[in-house]
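Asker: Let me give you the structure first, and then I'll get to my questions.
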Amino acid sequence: MSRLEKASIGAVALMALAGAAIFFYAPTDFLQGAVQRIFYLHVSSAIAAYGCFAVVLLGGAIFLRTENYAADRWARAGALVGVVFTTVTLVMGMLWAKKVWGAFWVWDARLTSTLVLWIIYAGYLLVRRLTEPGRQAARLAAVVGIFGFVDVPVVHFSVTWWVTHHPGPVIINDALPPEMLATFLFTFLFTMFCTLVLAAVMITIRYRIETLMDLKQLVPSPVQVVITREPEPVQ
Amino acid sequence: MNPFRAAIAVARKDLVSEWRTREMVPALAQFVVLALLIGNFGFQIDSRNAPSIAPGILWLALVFAGLIAFGRTFAAEREQSSLEAMLMTPASPVAIFAGKALAASVLLILCEVVLLPALWLFFGTPVSAGVVLAVILATIGMASLGCLFAAIVARVRARELLLPLLTLPLWIPFIIAGGQAVQSAMGLPGSYDQAIGLLIDFDILFVVLTSLAARFVLDE
């Protein structure tokens, strides 16, 4: 078994443990009931998504400076995994919102900025799909990744200034008895740790796939060249 | 070579070529009038609800006119491969980019010269200096982002598909702050000064960022 396979099994086992902690160990919310258990994975996957997009930003910036293709592959891997985690955040948030706010979607600061985040990085993946792989594509995608990362706090700030319904980052609540607060905090931090491990393993796997795909690009089979060859644009 | 003079020269070249062909501005002007027409049928506008609907139609028309204008920014350069020639001159890529963005924003402002009076004529909403200022401030930032991404997608196969997908999410801050400014200038509640302040902040942020990024998009 390779190191990566072991890591994958470990990440899945950790997520199963986190699930057990969420459903059997964490206290039930007094007001919201069981649906509040969405919180643990909802916030964790949002943080994991931000981590992934930070990888895109760093990978893009390093590529622009050094032209190191490994950095570009990390950026590609981070974008894909980040979009997956953003999707998880959005879907779980919508389910929670339906129960608590009465509607799947409200135009709140965080919802809007998370949707914009999703759209920007889905656009990043489209840029990768629609450009011929190579130096040009990597540079363009790096610029998109950097602008996407800058735009999200800006969007968030402008919509917060506009209107917000979303609760702030409330973790510590004095009204909770200390032992309940401890179980709550433990479950949250443990779920976050497991999700981050999962994200890291997923990015590493994707990085390996991107590396193999790049190798294939370098040595294309002759038949493929004939079929996929497009006419050069008239210069 | 003085970068400011280079930028002005590039902008002048684009504007002269537009003046000689007169393609973009009439097309954009007709496009925004059509957008107002569609807004009229889509919303059932009367004198009471016009002030709350008109700002939305204004921004929709402006955003899509902007996408058309910036999508064409590099069209002539692509068709005649003149971008490579321009990059071979001693002018820095940033100056070339700034010139193209300047010309595109002038074209978009010309289209606003049609859009705002048409909005006043058809919907009866007041078009004050406040509305004009908000729209022009938003145009500056939108032009810098729009031109950068137009340069990015100019060499991509599906550029018509990609330009709106990449540009629209990045324009959202301008639409939020600009929308707020126009609404309060048209008499709806909201702080006008704060919205204008935000627009200026976003303009500075994105003009600086796009100028930094232009080097990586335009070189070679």
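Each chain in the structure tokens gets a letter, A, B, ..., in the order shown, and its residues are numbered from 1; ligands are numbered from 1 in order too.
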Any idea which chain A residues end up within 7 Å of chain B if we count only C-alpha atoms, as number ranges by chain please?
Answerer: A: 116, 120, 123, 130-131, 139-140, 143, 151, 154-155, 158, 235
Asker: Residues at most 6 Å from segment 67-75 of chain B, counting only C-alpha atoms, excluding those fewer than 3 positions away in the same chain, as a list in words?
Answerer: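 Answer for this query is Phe64, Arg78, Gly146, Cys147 and Ala150 of chain B.
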Asker: Using C-alpha atoms, can you write the selected residues to a file as a PDB file, in the first residue's frame?
Answerer:
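Produced file out.pdb, reproduced below:
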```pdb
ATOM      1  CA  PHE B  64     -23.848  44.027 -20.209  1.00  0.00           C
ATOM      2  CA  ARG B  78      -6.163  39.889 -32.203  1.00  0.00           C
ATOM      3  CA  GLY B 146     -12.810  44.323 -17.674  1.00  0.00           C
ATOM      4  CA  CYS B 147      -9.754  45.160 -19.770  1.00  0.00           C
ATOM      5  CA  ALA B 150     -10.402  40.832 -21.863  1.00  0.00           C
TER       6      ALA B 150
END
```
Asker: Can I get the residues of segment 123-204 of chain A within 6 Å of segment 56-61 of chain A, each with the closest pair of atoms and their distance in Å to one decimal, using only C-alpha atoms, sorted chain first then ascending number, as CSV?
Answerer:
```
residue,atom,partner,partner_atom,distance
A:Ala142,CA,A:Gly60,CA,4.1
A:Gly145,CA,A:Leu57,CA,5.7
A:Ile146,CA,A:Leu57,CA,5.3
```
Asker: Do a neighbour search on Val106 of chain B at 10 Å with only C-alpha atoms, toss out local chain neighbours closer than 6 positions, and write the hits as a CSV table (one decimal) with C-alpha atoms, in the first residue's frame.
Answerer:
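around_33.csv, freshly written:
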```
chain,number,residue,atom,x,y,z
B,11,ALA,CA,-5.8,55.3,-26.0
B,15,LEU,CA,-10.3,56.2,-30.1
B,25,VAL,CA,-20.5,53.6,-29.8
B,100,LYS,CA,-6.6,50.2,-23.7
B,112,GLU,CA,-23.7,56.3,-20.6
B,136,ILE,CA,-18.5,57.2,-13.8
B,139,THR,CA,-17.0,52.7,-14.9
B,140,ILE,CA,-13.3,53.4,-14.0
B,143,ALA,CA,-12.9,49.2,-17.1
```
Asker: Looking only at the backbone, which of the residues in segment 26-157 of chain B does DSSP tag as helix (DSSP H, G or I), as an MDAnalysis selection string?
Answerer: chainID B and resid 26:43 50:73 75:80 82:88 93:123 129:153
Asker: Just want the 7 Å neighbourhood of Ala79 of chain A, counted on only C-alpha atoms, with same-chain residues fewer than 2 positions away dropped. Output as a list in words.
Answerer: Cys52, Phe53, Val56, Ala75, Arg76, Ala77, Val81, Gly82, Val83 and Tyr121 of chain A
Asker: Rounded to one decimal in Å, what is the spacing between atom CA of Lys98 of chain A and atom CA of Leu189 of chain A?
Answerer: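 These atoms are spaced 25.4 Å apart.
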Asker: Please determine, counting only C-alpha atoms, which residue among B:Ala138, B:Leu110, B:Leu58, B:Ala154 has the shortest atom-to-atom distance to Thr125 of chain B.
Answerer: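 For Thr125 of chain B, the nearest of the candidates is B:Leu58.
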Asker: Using only C-alpha atoms, which of the listed residues (A:Ala46, A:Val197, A:Ala137, A:Ala97) sits closest to Trp118 of chain A?
Answerer: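 Of A:Ala46, A:Val197, A:Ala137, A:Ala97, the one nearest Trp118 of chain A is A:Ala46, counting only C-alpha atoms.
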Asker: Leaving out segment 50-53 of chain B and any residue of its chain fewer than 4 positions from it, which residues lie within 8 Å of it when counting only C-alpha atoms, given as a VMD selection string?
Answerer: chain B and resid 43 45 to 46 57 123 to 125 183 186 to 188
Asker: Produce a file of the selected residues containing C-alpha atoms, as a tab-separated table (two decimals), in the first residue's frame.
Answerer:
```
chain	number	residue	atom	x	y	z
B	43	PHE	CA	-41.29	45.09	-14.93
B	45	ILE	CA	-43.14	50.31	-14.75
B	46	ASP	CA	-45.33	53.22	-13.70
B	57	ILE	CA	-32.21	48.43	-15.07
B	123	PHE	CA	-38.77	56.24	-16.71
B	124	GLY	CA	-38.92	59.82	-15.46
B	125	THR	CA	-36.26	59.23	-12.81
B	183	GLN	CA	-30.57	54.48	-5.41
B	186	MET	CA	-32.71	58.86	-6.88
B	187	GLY	CA	-34.42	59.39	-3.53
B	188	LEU	CA	-34.43	55.93	-1.92
```
Asker: Tell me, as a VMD selection string, which residues lie within 12 Å of Phe4 of chain B, counting only C-alpha atoms; anything in the same chain fewer than 4 positions away does not count.
Answerer: chain B and resid 8 to 11 91 to 99 102
Asker: May I have the selected residues written with C-alpha atoms, as a compact mmCIF listing (two decimals), in the first residue's frame?
Answerer:
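The file below, again-v2.txt, is the result:
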```txt
# COMPACT_ATOMS: atom_id res chain seq x y z
CA ILE B 8 -2.28 58.28 -24.00
CA ALA B 9 -0.94 57.32 -27.43
CA VAL B 10 -2.49 53.84 -27.20
CA ALA B 11 -5.80 55.29 -26.03
CA ALA B 91 6.38 51.10 -24.19
CA SER B 92 5.84 49.03 -21.06
CA PRO B 93 2.98 46.48 -21.10
CA VAL B 94 1.40 48.36 -18.18
CA ALA B 95 1.24 51.55 -20.25
CA ILE B 96 -0.33 49.66 -23.16
CA PHE B 97 -2.85 48.11 -20.82
CA ALA B 98 -3.66 51.49 -19.23
CA GLY B 99 -4.18 53.01 -22.68
CA LEU B 102 -8.69 54.31 -20.84
```
Asker: With a distance cut-off of 9 Å and only C-alpha atoms, select the neighbouring residues of Val12 of chain A, excluding the residue or stretch itself and same-chain residues fewer than 4 positions from it, and output the selection as a ChimeraX atom specification.
Answerer: /A:7-8,16-17,194,198
Asker: Those residues you just picked out, can you put them in a file as an mmCIF file, in the first residue's frame with C-alpha atoms?
Answerer:
```cif
data_model
loop_
_atom_site.group_PDB
_atom_site.id
_atom_site.type_symbol
_atom_site.label_atom_id
_atom_site.label_comp_id
_atom_site.auth_asym_id
_atom_site.auth_seq_id
_atom_site.Cartn_x
_atom_site.Cartn_y
_atom_site.Cartn_z
ATOM 1 C CA ALA A 7 -3.209 8.649 4.158
ATOM 2 C CA SER A 8 -6.535 8.355 2.334
ATOM 3 C CA ALA A 16 -16.022 8.779 10.365
ATOM 4 C CA LEU A 17 -14.805 9.585 13.887
ATOM 5 C CA CYS A 194 -10.389 16.042 10.346
ATOM 6 C CA LEU A 198 -9.179 15.310 4.367
#
```
